[in-house]
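Peer 1: What follows is data-v1.txt; its format and atoms are compact mmCIF, C-alpha atoms and all ligand atoms.
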# COMPACT_ATOMS: atom_id res chain seq x y z
CA MET B 1 132.88 52.14 95.13
CA ARG B 2 133.68 51.27 91.52
CA TYR B 3 136.97 53.09 91.89
CA CYS B 4 138.12 50.52 94.40
CA ARG B 5 138.83 47.05 93.15
CA PHE B 6 135.83 45.20 94.62
CA PRO B 7 134.05 44.56 91.31
CA GLU B 8 137.29 43.40 89.70
CA ILE B 9 138.00 41.06 92.61
CA SER B 10 134.42 39.77 92.60
CA ARG B 11 134.65 39.15 88.86
CA PHE B 12 137.82 37.13 89.33
CA LEU B 13 136.67 35.19 92.41
CA PHE B 14 133.05 34.46 91.52
CA GLN B 15 132.56 34.96 87.79
CA LYS B 16 135.65 33.57 86.10
CA LYS B 17 134.64 29.92 86.47
CA ARG B 18 130.89 30.46 86.81
CA ILE B 19 128.22 31.69 84.44
CA THR B 20 126.53 35.00 85.06
CA VAL B 21 122.94 35.50 83.90
CA LEU B 22 121.62 39.06 83.71
CA TYR B 23 117.97 40.01 83.46
CA TYR B 24 116.59 43.20 82.02
CA HIS B 25 113.07 44.46 81.47
CA ASP B 26 112.72 47.55 79.29
CA ILE B 27 116.09 49.25 78.75
CA SER B 28 116.59 52.05 76.22
CA ASN B 29 118.82 51.33 73.23
CA ASP B 30 121.13 54.21 74.22
CA ASN B 31 121.97 52.53 77.51
CA PHE B 32 121.92 49.00 76.13
CA LYS B 33 124.53 49.95 73.51
CA TRP B 34 127.23 51.01 75.95
CA GLN B 35 126.32 48.26 78.40
CA VAL B 36 126.82 45.58 75.72
CA GLU B 37 130.18 47.14 74.83
CA TYR B 38 131.21 46.91 78.47
CA LEU B 39 129.97 43.31 78.74
CA LYS B 40 131.83 42.28 75.59
CA ALA B 41 135.03 43.74 76.98
CA HIS B 42 134.76 41.92 80.34
CA TYR B 43 132.77 38.72 79.67
CA ASN B 44 132.17 36.04 77.06
CA ILE B 45 128.56 36.42 76.02
CA ILE B 46 126.94 33.02 75.42
CA ASP B 47 123.51 31.96 74.16
CA LEU B 48 120.75 29.90 75.72
CA ILE B 49 121.53 26.62 73.94
CA THR B 50 125.10 26.77 75.23
CA LEU B 51 123.84 27.16 78.80
CA ARG B 52 121.28 24.36 78.33
CA ASP B 53 123.93 21.97 76.98
CA PHE B 54 126.26 22.83 79.86
CA LEU B 55 123.61 22.22 82.54
CA ASN B 56 122.46 19.02 80.77
CA GLY B 57 126.03 17.75 80.94
CA GLU B 58 126.38 17.65 77.14
CA LYS B 59 129.00 20.37 77.19
CA GLN B 60 131.76 20.08 79.79
CA ASN B 61 133.45 23.45 79.63
CA LEU B 62 132.43 26.99 78.89
CA PRO B 63 134.72 29.97 78.34
CA ASP B 64 135.84 31.85 81.46
CA TYR B 65 133.54 34.72 82.40
CA SER B 66 130.56 33.32 80.46
CA LEU B 67 127.48 35.53 80.58
CA LEU B 68 123.93 35.22 79.25
CA ILE B 69 121.65 38.23 78.65
CA THR B 70 117.91 37.78 79.27
CA PHE B 71 114.84 40.03 79.21
CA ASP B 72 111.55 39.46 81.02
CA ASP B 73 108.00 40.25 79.84
CA GLY B 74 108.46 41.13 76.13
CA HIS B 75 108.16 44.92 76.33
CA ILE B 76 107.64 46.65 72.99
CA GLY B 77 110.76 48.75 73.66
CA ASN B 78 112.87 45.59 73.26
CA TYR B 79 112.36 45.91 69.50
CA GLN B 80 114.52 49.06 69.54
CA LEU B 81 117.46 46.92 70.69
CA LEU B 82 117.55 44.78 67.55
CA GLU B 83 120.20 46.86 65.78
CA THR B 84 122.51 46.67 68.81
CA ILE B 85 121.89 42.92 69.08
CA LYS B 86 122.75 42.41 65.40
CA ALA B 87 125.76 44.73 65.42
CA ASN B 88 127.30 42.93 68.41
CA LYS B 89 126.42 39.41 67.22
CA ILE B 90 124.90 38.51 70.57
CA ARG B 91 121.86 36.28 71.03
CA PRO B 92 119.86 37.28 74.10
CA VAL B 93 116.71 35.59 75.42
CA ILE B 94 113.35 37.34 75.71
CA PHE B 95 110.79 35.66 77.95
CA LEU B 96 107.38 36.54 76.52
CA THR B 97 104.09 37.05 78.34
CA ALA B 98 102.09 35.09 75.79
CA SER B 99 98.62 36.63 76.20
CA ILE B 100 99.94 40.22 75.99
CA ILE B 101 102.19 40.01 72.91
CA GLY B 102 100.52 40.88 69.63
CA THR B 103 97.63 42.69 71.39
CA ASN B 104 96.86 46.09 72.87
CA ASN B 105 96.47 44.47 76.30
CA ALA B 106 98.49 46.06 79.08
CA PHE B 107 100.93 44.40 81.44
CA TRP B 108 98.85 44.50 84.64
CA PHE B 109 101.85 45.48 86.76
CA LYS B 110 102.28 48.67 84.69
CA ILE B 111 98.81 49.94 85.63
CA PRO B 112 99.20 53.28 87.46
CA PHE B 113 98.11 52.05 90.90
CA ALA B 114 97.88 54.61 93.70
CA ASN B 115 100.92 53.14 95.40
CA ASN B 116 103.46 50.34 95.17
CA SER B 117 102.29 48.56 98.29
CA PHE B 118 98.91 48.02 96.64
CA LYS B 119 100.67 46.47 93.64
CA ASP B 120 102.88 44.33 95.88
CA ASN B 121 99.79 43.13 97.70
CA LEU B 122 98.29 41.98 94.38
CA LYS B 123 101.29 39.66 94.03
CA ARG B 124 100.61 38.13 97.44
CA ILE B 125 96.88 37.39 97.34
CA PRO B 126 95.33 34.32 95.64
CA ASP B 127 95.56 34.82 91.91
CA ASN B 128 91.79 34.60 91.27
CA GLU B 129 91.35 37.53 93.70
CA ARG B 130 94.02 39.53 91.84
CA ARG B 131 92.25 38.90 88.54
CA ALA B 132 88.87 39.89 90.03
CA ILE B 133 90.24 43.16 91.46
CA LEU B 134 91.82 44.11 88.12
CA GLU B 135 88.73 43.15 86.17
CA THR B 136 86.33 45.17 88.35
CA GLY B 137 88.43 48.18 89.40
CA TYR B 138 90.99 48.62 86.63
CA LYS B 139 89.34 47.36 83.46
CA GLN B 140 89.92 50.68 81.69
CA PHE B 141 93.68 50.25 82.12
CA LEU B 142 93.82 46.69 80.78
CA THR B 143 93.74 47.70 77.13
CA LYS B 144 95.66 50.55 75.53
CA ASN B 145 95.74 52.47 72.28
CA ILE B 146 99.26 51.35 71.56
CA PRO B 147 100.74 47.96 72.47
CA ASP B 148 102.64 47.45 75.72
CA ALA B 149 104.30 44.32 74.37
CA LEU B 150 106.09 43.23 71.20
CA THR B 151 103.84 42.67 68.18
CA PHE B 152 103.77 39.35 66.32
CA GLU B 153 105.55 40.95 63.35
CA GLN B 154 108.32 42.31 65.57
CA ILE B 155 108.79 38.94 67.24
CA GLN B 156 109.03 37.16 63.89
CA GLU B 157 111.54 39.72 62.63
CA MET B 158 113.63 39.36 65.79
CA ALA B 159 113.43 35.56 65.97
CA GLY B 160 116.57 35.09 63.87
CA PHE B 161 118.61 37.02 66.46
CA VAL B 162 116.85 36.41 69.78
CA ASP B 163 115.63 33.26 71.55
CA PHE B 164 112.00 33.72 72.54
CA GLN B 165 110.95 31.66 75.54
CA SER B 166 108.09 31.63 78.05
CA HIS B 167 107.10 33.95 80.89
CA THR B 168 103.54 32.47 81.26
CA MET B 169 100.34 33.64 79.56
CA ASP B 170 99.21 36.41 81.94
CA HIS B 171 102.11 37.04 84.33
CA PRO B 172 100.40 35.78 87.50
CA CYS B 173 102.25 35.03 90.72
CA LEU B 174 102.45 31.27 90.08
CA PRO B 175 102.56 30.01 93.69
CA ASN B 176 99.31 31.94 94.33
CA SER B 177 97.59 30.29 91.35
CA ASP B 178 95.57 27.08 91.68
CA ASP B 179 96.84 23.92 89.98
CA THR B 180 94.67 24.29 86.86
CA ILE B 181 95.67 27.90 86.24
CA ALA B 182 99.35 27.24 86.91
CA GLU B 183 99.39 24.33 84.47
CA TYR B 184 97.57 26.39 81.83
CA GLU B 185 100.00 29.32 82.27
CA ILE B 186 102.98 27.01 81.85
CA SER B 187 101.75 24.70 79.09
CA ASN B 188 99.74 27.07 76.92
CA SER B 189 102.40 29.77 76.77
CA LYS B 190 104.79 27.17 75.34
CA VAL B 191 102.27 26.20 72.65
CA VAL B 192 101.56 29.85 71.72
CA ILE B 193 105.23 30.89 71.46
CA GLU B 194 106.29 27.75 69.59
CA GLY B 195 103.47 28.42 67.11
CA LEU B 196 104.70 31.95 66.64
CA VAL B 197 108.42 31.40 66.17
CA SER B 198 108.40 27.78 64.91
CA LYS B 199 111.20 26.88 67.33
CA PRO B 200 111.13 24.81 70.51
CA VAL B 201 110.36 26.61 73.76
CA TYR B 202 112.32 24.91 76.53
CA ALA B 203 113.08 27.73 78.98
CA PHE B 204 110.93 29.70 81.38
CA ALA B 205 111.28 32.74 83.62
CA TYR B 206 109.13 32.81 86.77
CA PRO B 207 106.99 35.99 86.93
CA ASN B 208 108.33 38.18 89.76
CA GLY B 209 110.80 35.34 90.36
CA ASN B 210 108.20 33.44 92.45
CA TYR B 211 107.90 29.66 92.27
CA CYS B 212 107.08 26.62 94.36
CA ASP B 213 107.85 22.89 93.98
CA ARG B 214 104.52 22.35 92.19
CA ASP B 215 105.59 24.85 89.49
CA ILE B 216 108.94 23.14 88.96
CA ASN B 217 107.17 19.79 88.55
CA LEU B 218 104.75 21.29 86.02
CA LEU B 219 107.63 22.76 84.04
CA ILE B 220 109.37 19.38 83.91
CA LYS B 221 106.10 17.66 82.93
CA HIS B 222 105.69 20.07 80.00
CA GLY B 223 109.22 19.69 78.69
CA TYR B 224 110.96 22.80 80.02
CA LYS B 225 114.68 22.12 80.45
CA LEU B 226 115.56 25.43 82.13
CA ALA B 227 113.81 27.91 84.42
CA PHE B 228 115.17 31.23 85.64
CA SER B 229 114.48 32.84 89.00
CA ALA B 230 115.16 36.37 90.21
CA LYS B 231 117.34 35.35 93.13
CA GLY B 232 120.87 36.64 92.74
CA GLY B 233 123.96 34.50 92.32
CA PHE B 234 125.97 32.66 89.69
CA VAL B 235 125.65 29.38 87.80
CA ASN B 236 127.91 26.34 87.88
CA LYS B 237 127.45 22.77 86.69
CA ASN B 238 125.68 21.83 89.94
CA THR B 239 123.06 24.56 89.64
CA ASN B 240 119.49 23.25 89.58
CA PRO B 241 118.44 23.89 85.95
CA HIS B 242 114.92 24.84 87.12
CA THR B 243 116.00 27.52 89.64
CA ILE B 244 118.76 29.36 87.78
CA PRO B 245 119.83 32.55 89.59
CA ARG B 246 120.06 35.87 87.75
CA LEU B 247 121.32 39.37 88.48
CA SER B 248 118.91 42.27 87.98
CA ILE B 249 120.01 45.08 85.63
CA ASN B 250 118.06 48.32 85.20
CA ASP B 251 117.85 51.07 82.60
CA THR B 252 120.72 53.02 84.10
CA ASN B 253 123.13 55.41 82.44
CA ASN B 254 125.45 55.10 85.41
CA LEU B 255 128.54 52.99 84.65
CA GLY B 256 129.42 52.59 88.34
CA GLU B 257 126.02 51.14 89.20
CA PHE B 258 126.11 48.89 86.14
CA ILE B 259 129.51 47.48 87.14
CA LEU B 260 128.27 46.84 90.68
CA ARG B 261 125.21 45.03 89.34
CA THR B 262 126.95 42.86 86.73
CA SER B 263 129.74 41.85 89.13
CA GLY B 264 127.22 40.68 91.73
CA ILE B 265 128.36 43.24 94.33
CA TRP B 266 125.04 45.08 94.14
CA HIS B 267 123.18 41.87 94.96
CA LEU B 268 125.55 41.14 97.82
CA MET B 269 125.06 44.65 99.24
CA LYS B 270 121.29 44.18 99.09
CA LYS B 271 121.62 40.84 100.84
CA VAL B 272 123.61 42.24 103.73
CA LYS B 273 121.46 45.37 103.61
CA ILE B 274 124.28 47.85 103.06
CA LYS B 275 121.98 49.76 100.76
ZN ZN S 301 107.95 39.69 84.42
Go ahead and render the structure in this file as structure tokens.
Peer 2:
Amino acid sequence: MRYCRFPEISRFLFQKKRITVLYYHDISNDNFKWQVEYLKAHYNIIDLITLRDFLNGEKQNLPDYSLLITFDDGHIGNYQLLETIKANKIRPVIFLTASIIGTNNAFWFKIPFANNSFKDNLKRIPDNERRAILETGYKQFLTKNIPDALTFEQIQEMAGFVDFQSHTMDHPCLPNSDDTIAEYEISNSKVVIEGLVSKPVYAFAYPNGNYCDRDINLLIKHGYKLAFSAKGGFVNKNTNPHTIPRLSINDTNNLGEFILRTSGIWHLMKKVKIK
């Protein structure tokens, strides 16, 4: 499909005057390198402050084809990307899971469960039940010999080149969490990350992309100016700053797939269930 002109047309129609936000998790540096080269050739890569000022109304215009690169979770592999980030003078955002960074604790969703439907179910049940199941049945997987997430030293080294923002403390499904837990996840992660990088934390990425009105209100109460979802689409000046859409990018070495994902076509195909 990339040999036809769909991605090019989509770029022109939907991305020229809108902002595209990509989200990654744990891409290898080999793939990130060529992907950044492609992005630099086709988009204007912006940083988080620029997007914040635009959505706050402090900045009226952004360059055509503006694009922001974000990462969720704070995987230790993100450290390997630092050279590429520096060499290309880009400033991506990494949303950190604040209770996992700097420890040997595991991301719970990387536990080798018997099947994916079990894992998906853990995202649907009340959060205290999810925690109880992990604590009783999977305790041996919750700590590792080597870290799953970035270490404090890595984060401090990267902080001159990356904006570190919040992805909660423990990566729960927020709408399934009670009010006290949700508020703790949102407020305490901000305190922890600000303490670590000595810079304001004002942006948030919803774990698994899930949120409810209560979560948005808590974010506003605790001073978050921006929050990013996992629903596809593009950003314009009327976008709700607390439900910013993003396009999912994976660790692919396939240029065709990457072009389909960054242009939004992949998301569209998923929506109309072509794939
Ligand atoms: Zn996540």
Peer 1: Given the choices B:Leu255, B:Val21, B:Ala227, B:Leu96, which gets closest to ligand ZN 301 (chain S) if the distance is worked out from only C-alpha atoms and all ligand atoms?
Peer 2: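 Answer, going by the shortest atom-to-atom distance: B:Leu96.
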Peer 1: Under the rule that all atoms listed in the file are counted, which of B:Pro92, B:Ser187, B:Ser263, B:Gln154 is the nearest residue to Phe12 in chain B?
Peer 2: B:Ser263
Peer 1: Can you check which parts of chain B lie within 9 Å of ligand ZN 301 (chain S)? Per residue, the shortest pair of atoms and distance in Å to one decimal, counting all atoms listed in the file, sorted by chain and number, as a tab-separated table.
Peer 2:
residue	atom	partner	partner_atom	distance
B:His25	CA	S:ZN301	ZN	7.6
B:Phe71	CA	S:ZN301	ZN	8.6
B:Asp72	CA	S:ZN301	ZN	5.0
B:Asp73	CA	S:ZN301	ZN	4.6
B:Gly74	CA	S:ZN301	ZN	8.4
B:Phe95	CA	S:ZN301	ZN	8.1
B:Leu96	CA	S:ZN301	ZN	8.5
B:Thr97	CA	S:ZN301	ZN	7.7
B:Phe107	CA	S:ZN301	ZN	9.0
B:Phe109	CA	S:ZN301	ZN	8.7
B:His167	CA	S:ZN301	ZN	6.8
B:His171	CA	S:ZN301	ZN	6.4
B:Ala205	CA	S:ZN301	ZN	7.7
B:Tyr206	CA	S:ZN301	ZN	7.4
B:Pro207	CA	S:ZN301	ZN	4.6
B:Asn208	CA	S:ZN301	ZN	5.6
B:Gly209	CA	S:ZN301	ZN	7.9
Peer 1: Rounded to one decimal in Å, what is the spacing between CA of Thr70 in chain B and CA of Asn115 in chain B?
Peer 2: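 Between CA of Thr70 in chain B and CA of Asn115 in chain B the gap is 28.0 Å.
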Peer 1: In the coordinates of the file, take the point (125.9, 33.1, 96.4) and a cut-off of 10 Å; then, counting only C-alpha atoms, name each qualifying protein, DNA or RNA residue as a ChimeraX atom specification.
Peer 2: /B:14,231-235,245,264,267-268,271
Peer 1: May I ask which of the residues B:Ile133, B:Ile186, B:Cys212, B:Met169 is the closest one to Ser99 in chain B, counting all atoms listed in the file?
Peer 2: B:Met169
Peer 1: Using only C-alpha atoms, find the one residue out of B:Thr151, B:Met158, B:Ile181, B:Glu8 that sits nearest to Pro126 in chain B.
Peer 2: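 Closest candidate: B:Ile181.
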Peer 1: Would you please work out which residue, of B:Leu68, B:Leu134, B:Ile85, B:Ile220, is nearest to Tyr23 in chain B when using all atoms listed in the file?
Peer 2: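 Among B:Leu68, B:Leu134, B:Ile85, B:Ile220, it is B:Leu68 that comes nearest to Tyr23 in chain B.
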Peer 1: When you look at Asp127 in chain B with a cut-off of 10 Å (counting only C-alpha atoms), what residues show up, excluding the ones that are within fewer than 3 positions of it in the same chain? I need them as a compact mmCIF listing (two decimals) with C-alpha atoms, in the coordinates of the input.
Peer 2:
# COMPACT_ATOMS: atom_id res chain seq x y z
CA LEU B 122 98.29 41.98 94.38
CA LYS B 123 101.29 39.66 94.03
CA ARG B 124 100.61 38.13 97.44
CA ARG B 130 94.02 39.53 91.84
CA ARG B 131 92.25 38.90 88.54
CA ALA B 132 88.87 39.89 90.03
CA ILE B 133 90.24 43.16 91.46
CA PRO B 172 100.40 35.78 87.50
CA CYS B 173 102.25 35.03 90.72
CA LEU B 174 102.45 31.27 90.08
CA PRO B 175 102.56 30.01 93.69
CA ASN B 176 99.31 31.94 94.33
CA SER B 177 97.59 30.29 91.35
CA ASP B 178 95.57 27.08 91.68
CA ILE B 181 95.67 27.90 86.24
CA ALA B 182 99.35 27.24 86.91
Peer 1: Skipping near chain neighbours, those fewer than 4 positions away, what residues fall within 12 Å of Asn188 in chain B using only C-alpha atoms, listed as a ChimeraX atom specification?
Peer 2: /B:97-99,166-170,180-184,192-195,201,218-219,222
Peer 1: Considering all atoms listed in the file, state which residue in the set B:Leu81, B:Pro7, B:Thr252, B:Lys237 is at the smallest distance from Glu58 in chain B.
Peer 2: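 For Glu58 in chain B, the nearest of the candidates is B:Lys237.
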Peer 1: Between CA of Glu129 in chain B and CA of Asn210 in chain B, what distance in Å does the model show, to one decimal?
Peer 2: 17.4 Å
Peer 1: For CA of Asn29 in chain B and CA of Asn105 in chain B, quote the distance in Å rounded to one decimal.
Peer 2: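 Going from CA of Asn29 in chain B over to CA of Asn105 in chain B covers 23.6 Å.
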